[in-house]
Structure formats: C-alpha cells, structure tokens
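Data from upload-v1.pdb: PDB, C-alpha atoms
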ATOM      1  CA  MET A   1      67.587 119.241  89.951
ATOM      2  CA  GLU A   2      70.548 117.172  88.797
ATOM      3  CA  THR A   3      70.538 113.414  89.240
ATOM      4  CA  ASN A   4      73.543 111.567  90.632
ATOM      5  CA  TRP A   5      74.440 110.513  87.090
ATOM      6  CA  GLU A   6      74.414 114.122  85.922
ATOM      7  CA  GLU A   7      76.539 115.227  88.882
ATOM      8  CA  ASN A   8      79.046 112.408  88.235
ATOM      9  CA  PHE A   9      79.109 113.183  84.513
ATOM     10  CA  LYS A  10      79.728 116.888  85.160
ATOM     11  CA  GLU A  11      82.475 116.146  87.676
ATOM     12  CA  HIS A  12      84.323 113.823  85.286
ATOM     13  CA  LEU A  13      83.746 115.953  82.209
ATOM     14  CA  TYR A  14      85.094 119.147  83.753
ATOM     15  CA  SER A  15      87.993 117.678  85.745
ATOM     16  CA  GLY A  16      91.468 116.541  84.803
ATOM     17  CA  LEU A  17      91.819 118.669  81.688
ATOM     18  CA  ASP A  18      95.091 120.116  80.510
ATOM     19  CA  SER A  19      95.542 123.238  78.433
ATOM     20  CA  THR A  20      97.081 121.740  75.317
ATOM     21  CA  ASN A  21      96.734 123.964  72.277
ATOM     22  CA  VAL A  22      96.221 121.997  69.075
ATOM     23  CA  GLN A  23      97.042 123.662  65.781
ATOM     24  CA  ALA A  24      95.160 122.677  62.625
ATOM     25  CA  GLU A  25      98.213 120.979  61.118
ATOM     26  CA  GLN A  26      98.556 118.790  64.251
ATOM     27  CA  ILE A  27      95.039 117.352  64.042
ATOM     28  CA  PRO A  28      95.954 114.226  62.024
ATOM     29  CA  SER A  29      98.674 113.280  64.516
ATOM     30  CA  TYR A  30      96.332 113.833  67.465
ATOM     31  CA  ILE A  31      93.678 111.653  65.842
ATOM     32  CA  ALA A  32      96.308 108.954  65.324
ATOM     33  CA  ARG A  33      97.267 109.253  69.000
ATOM     34  CA  MET A  34      93.643 108.824  70.118
ATOM     35  CA  ASP A  35      93.355 105.813  67.835
ATOM     36  CA  ALA A  36      96.493 104.215  69.287
ATOM     37  CA  VAL A  37      95.290 104.731  72.866
ATOM     38  CA  LEU A  38      91.940 103.211  71.966
ATOM     39  CA  ASP A  39      93.618 100.224  70.292
ATOM     40  CA  ASN A  40      95.518  99.560  73.526
ATOM     41  CA  ILE A  41      92.308  99.535  75.588
ATOM     42  CA  TYR A  42      90.580  97.323  73.012
ATOM     43  CA  SER A  43      93.462  94.873  72.925
ATOM     44  CA  LYS A  44      93.438  94.445  76.674
ATOM     45  CA  THR A  45      89.674  94.010  76.888
ATOM     46  CA  THR A  46      89.448  91.399  74.140
ATOM     47  CA  THR A  47      92.577  89.274  74.575
ATOM     48  CA  GLY A  48      92.112  88.348  78.182
ATOM     49  CA  LEU A  49      94.911  90.588  79.386
ATOM     50  CA  GLU A  50      94.148  92.135  82.726
ATOM     51  CA  LEU A  51      92.619  95.557  82.292
ATOM     52  CA  ASN A  52      94.125  97.968  84.791
ATOM     53  CA  LEU A  53      91.223 100.316  85.519
ATOM     54  CA  LYS A  54      93.507 103.220  86.459
ATOM     55  CA  GLU A  55      95.419 102.844  83.178
ATOM     56  CA  CYS A  56      92.109 102.583  81.343
ATOM     57  CA  GLU A  57      90.787 105.704  83.084
ATOM     58  CA  ASN A  58      93.970 107.587  82.174
ATOM     59  CA  SER A  59      93.591 106.481  78.551
ATOM     60  CA  PHE A  60      90.012 107.730  78.364
ATOM     61  CA  ASN A  61      91.138 110.970  80.027
ATOM     62  CA  LEU A  62      93.841 111.421  77.387
ATOM     63  CA  ILE A  63      91.315 110.905  74.586
ATOM     64  CA  ARG A  64      88.964 113.423  76.241
ATOM     65  CA  ASN A  65      91.774 115.960  76.605
ATOM     66  CA  ILE A  66      92.772 115.637  72.967
ATOM     67  CA  SER A  67      89.170 115.946  71.816
ATOM     68  CA  VAL A  68      88.508 119.063  73.920
ATOM     69  CA  SER A  69      91.789 120.568  72.689
ATOM     70  CA  MET A  70      90.687 119.946  69.107
ATOM     71  CA  MET A  71      87.346 121.611  69.853
ATOM     72  CA  ARG A  72      89.293 124.605  71.137
ATOM     73  CA  ALA A  73      91.283 124.635  67.892
ATOM     74  CA  ASP A  74      87.945 125.124  66.131
ATOM     75  CA  GLY A  75      87.433 128.376  68.029
ATOM     76  CA  LEU A  76      85.505 127.336  71.132
ATOM     77  CA  THR A  77      86.725 128.157  74.596
ATOM     78  CA  GLU A  78      87.224 125.184  76.896
ATOM     79  CA  SER A  79      84.194 126.277  78.907
ATOM     80  CA  GLU A  80      81.998 126.558  75.793
ATOM     81  CA  ALA A  81      83.111 123.138  74.554
ATOM     82  CA  LEU A  82      82.458 121.466  77.901
ATOM     83  CA  ASP A  83      79.094 123.170  78.341
ATOM     84  CA  ILE A  84      77.959 121.880  74.938
ATOM     85  CA  CYS A  85      79.216 118.378  75.776
ATOM     86  CA  TYR A  86      77.482 118.442  79.150
ATOM     87  CA  ARG A  87      74.113 119.566  77.798
ATOM     88  CA  THR A  88      74.287 116.996  75.012
ATOM     89  CA  GLY A  89      75.368 114.170  77.338
ATOM     90  CA  VAL A  90      72.557 114.895  79.791
ATOM     91  CA  LYS A  91      69.996 115.089  76.977
ATOM     92  CA  LYS A  92      71.158 111.787  75.452
ATOM     93  CA  ASN A  93      71.218 110.015  78.818
ATOM     94  CA  ARG A  94      67.669 111.148  79.482
ATOM     95  CA  GLU A  95      66.602 109.884  76.030
ATOM     96  CA  TYR A  96      68.473 106.566  76.032
ATOM     97  CA  GLY A  97      68.927 105.850  79.719
ATOM     98  CA  SER A  98      72.022 104.433  81.340
ATOM     99  CA  GLN A  99      71.487 100.764  80.609
ATOM    100  CA  ASN A 100      72.700 100.953  77.005
ATOM    101  CA  ILE A 101      76.190 101.851  78.244
ATOM    102  CA  LEU A 102      76.118  99.357  81.117
ATOM    103  CA  LYS A 103      75.062  96.507  78.832
ATOM    104  CA  PHE A 104      78.432  96.377  77.038
ATOM    105  CA  GLY A 105      80.541  98.409  79.479
ATOM    106  CA  ILE A 106      84.013  99.523  78.562
ATOM    107  CA  ILE A 107      84.137  97.474  75.362
ATOM    108  CA  GLY A 108      80.921  99.143  74.179
ATOM    109  CA  VAL A 109      82.398 102.575  74.819
ATOM    110  CA  VAL A 110      85.572 101.529  72.974
ATOM    111  CA  VAL A 111      83.537 100.453  69.930
ATOM    112  CA  ARG A 112      81.578 103.711  69.903
ATOM    113  CA  LEU A 113      84.795 105.712  70.231
ATOM    114  CA  ALA A 114      86.383 103.725  67.399
ATOM    115  CA  ASP A 115      83.469 104.715  65.159
ATOM    116  CA  LYS A 116      83.834 108.389  66.062
ATOM    117  CA  ILE A 117      87.616 108.421  65.699
ATOM    118  CA  GLY A 118      87.253 106.612  62.365
ATOM    119  CA  ARG A 119      84.873 109.351  61.279
ATOM    120  CA  MET A 120      87.458 111.970  62.242
ATOM    121  CA  LYS A 121      90.129 110.177  60.188
ATOM    122  CA  THR A 122      87.873 110.347  57.143
ATOM    123  CA  LEU A 123      86.942 113.975  57.761
ATOM    124  CA  VAL A 124      90.519 115.255  57.958
ATOM    125  CA  LYS A 125      91.084 113.971  54.443
ATOM    126  CA  ARG A 126      88.233 116.128  53.120
ATOM    127  CA  ASP A 127      87.973 119.797  52.290
ATOM    128  CA  PRO A 128      87.905 121.713  55.620
ATOM    129  CA  SER A 129      84.837 123.682  54.582
ATOM    130  CA  LEU A 130      82.886 120.442  54.182
ATOM    131  CA  ARG A 131      83.943 118.863  57.447
ATOM    132  CA  ALA A 132      83.562 121.594  60.079
ATOM    133  CA  GLU A 133      80.090 120.700  61.375
ATOM    134  CA  ALA A 134      80.607 116.940  61.133
ATOM    135  CA  ALA A 135      83.974 117.199  62.901
ATOM    136  CA  ALA A 136      82.492 119.307  65.694
ATOM    137  CA  ASP A 137      79.755 116.702  66.175
ATOM    138  CA  ALA A 138      82.263 113.825  66.219
ATOM    139  CA  LEU A 139      84.503 115.629  68.732
ATOM    140  CA  LEU A 140      81.533 116.253  71.004
ATOM    141  CA  ASP A 141      80.694 112.534  70.906
ATOM    142  CA  ILE A 142      84.340 111.540  71.473
ATOM    143  CA  THR A 143      84.540 113.825  74.502
ATOM    144  CA  ASN A 144      81.355 112.396  75.986
ATOM    145  CA  TYR A 145      82.126 108.735  75.308
ATOM    146  CA  ALA A 146      85.616 109.148  76.772
ATOM    147  CA  THR A 147      83.996 110.667  79.863
ATOM    148  CA  TYR A 148      81.561 107.734  80.029
ATOM    149  CA  GLY A 149      84.562 105.398  79.875
ATOM    150  CA  GLU A 150      86.189 107.207  82.796
ATOM    151  CA  MET A 151      82.964 106.891  84.764
ATOM    152  CA  LEU A 152      82.816 103.150  84.057
ATOM    153  CA  CYS A 153      86.434 102.727  85.174
ATOM    154  CA  ASN A 154      85.508 104.443  88.450
ATOM    155  CA  SER A 155      82.382 102.290  88.878
ATOM    156  CA  ILE A 156      80.121 105.314  89.130
ATOM    157  CA  TRP A 157      77.924 104.743  86.091
ATOM    158  CA  GLU A 158      74.300 104.463  87.175
TER     159      GLU A 158
END

What is this structure when it is put down as structure tokens?
Amino acid sequence: METNWEENFKEHLYSGLDSTNVQAEQIPSYIARMDAVLDNIYSKTTTGLELNLKECENSFNLIRNISVSMMRADGLTESEALDICYRTGVKKNREYGSQNILKFGIIGVVVRLADKIGRMKTLVKRDPSLRAEAAADALLDITNYATYGEMLCNSIWE
C-alpha cells in the first residue's frame, strides 16, 4: 500500500512532462540551462528576494523535464526512466525518511541539485564510455530532487 508521500511523489514525478528530444550534442547546453535555472532559485532564496513558489515550482519542473529528456537520450523510454526514478525515490525515502528534506527545505534541495548538476558538467567532459553509468545515476537523482522541490513548493512534503 502506498503512503501519502508515495502517492504525492508519483503524481508530481509523472505529471507535467513535455516530450523534448535531446540529442547527445545538445547535452552540454541543457546542463548549462539547468544550472542557470538553479542559480536563479538559489539567488532568490539566499538574498532575501521574495521566492515566488509558482515560479520556483516551474523551475524545478523545467529541471525535471530536461533531466528526463536526457535520460531518454540515453535510450530509455520516458516510462522506463520515470519508473526507475519512482522506485529509487520511494526506496530512499523509506531509508532516510522525510525529515532530511524538510530540515533545509528548498535551499537543501537546491544544494543537492547543484552537486548533481556539477557532477554532470564534469562527466560531459570525459570519455562517453566512462561516464554512462555515472551520468545515468546523476540524472536519476536530478529528476528526483527536482520532483522533491516541486513537492515542497506545493507544501505537500510529509
């Protein structure tokens, strides 16, 4: 039986996706776009500027869409990518609980996303044969953390 958190996570993870097709040569520009969106959220949360939760939610949604599109570029269908993200997110939430995300809220999610996006920047500079598994893992985490951010913006994180 799914908990409310799992139902909310599934709803946010699987909704609001577009069907952007990312080609391998576009990956660096998409990573840069995710980074810029994240910088905007970070700036507003740390400088005292008012954080518009709808704008923040849309930013996390954009990051999630880009990440899922990049997972599709690696040969997964959208459904396969989301199913992997869902199973992993549920497993991690059961292991860690929800309080670790609540403790630092949106800024904590931003920091975690910055780490993952930074990892992707480093990986795209490497030989593709060396980065495939690490990139897939980072994209999974980016997708899930962006979904967590959306959930926080909607005040449905439990």

Note to self: Residues near segment 55-67 of chain A, anyone? I mean within 7 Å using only C-alpha atoms, not counting same-chain ones fewer than 4 positions away, as a PyMOL selection string.
What the structure shows: chain A and resi 17-18+30+34+37+41+71+139+142-143+146-147+149-150+153

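Reported to one decimal place, the separation of atom CA of Leu76 of chain A from atom CA of Gly97 of chain A is 28.5 Å.
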
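What the PyMOL selection byres ((chain A and resi 117) around 9) grabs from this file is Ile31, Ala32, Met34, Asp35, Arg112, Leu113, Ala114, Asp115, Lys116, Gly118, Arg119, Met120, Lys121, Thr122, Ala138, Leu139 and Ile142 of chain A.
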
Checklist line | Atomic separation - atom CA of Lys44 of chain A relative to atom CA of Trp5 of chain A, Å | finding: 27.0 Å

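Proximity of A:Lys10, A:Ser79, A:Thr20, A:Tyr148 to Asn100 of chain A, computed with only C-alpha atoms, is greatest for A:Tyr148.
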
Checklist line | Shell of 8 Å around segment 82-93 of chain A, all atoms listed in the file, local chain residues under 2 positions omitted, as a PyMOL selection string | finding: chain A and resi 6+9-10+13-14+68+78-80+95-98+140-141+143-144

Check: Distance atom CA of Val111 of chain A-atom CA of Thr47 of chain A, one decimal place?
Finding: 15.1 Å

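In this comparison, which uses all atoms listed in the file, the residue of A:Leu123, A:Met151, A:Ile156, A:Val110 approaching Thr46 of chain A most closely is A:Val110.
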
Check: What's the 8 Å shell around Arg72 of chain A, counting all atoms listed in the file, without same-chain residues fewer than 5 positions away, as a list in words?
Finding: Asn21, Val22, Thr77, Glu78 and Ala81 of chain A

Draw an axis-aligned box tight on the listed atoms of segment 111-126 of chain A, then pad every side by 6 Å and write out centre and edge lengths in Å to one decimal as AutoDock Vina command-line options.
--center_x 86.3 --center_y 108.3 --center_z 61.7 --size_x 21.5 --size_y 27.7 --size_z 29.1

Note to self: Taking all atoms listed in the file into account, name the residue in A:Ser15, A:Ala36, A:Gln99, A:Ser69 that is nearest to Glu158 of chain A.
What the structure shows: A:Gln99

Checklist line | Selected residue, from A:Val109, A:Arg94, A:Phe104, A:Asn154, that lies nearest to Thr3 of chain A when counting only C-alpha atoms | finding: A:Arg94

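Checking A:Asp74, A:Gly105, A:Asn40, A:Ile27 one by one against Lys125 of chain A, counting all atoms listed in the file, you find the shortest gap at A:Ile27.
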
Notebook entry, point to check: With distances taken over all atoms listed in the file, which of A:Leu38, A:Met70, A:Ile107, A:Ala135 is nearest to Glu25 of chain A?
Noted result: A:Met70
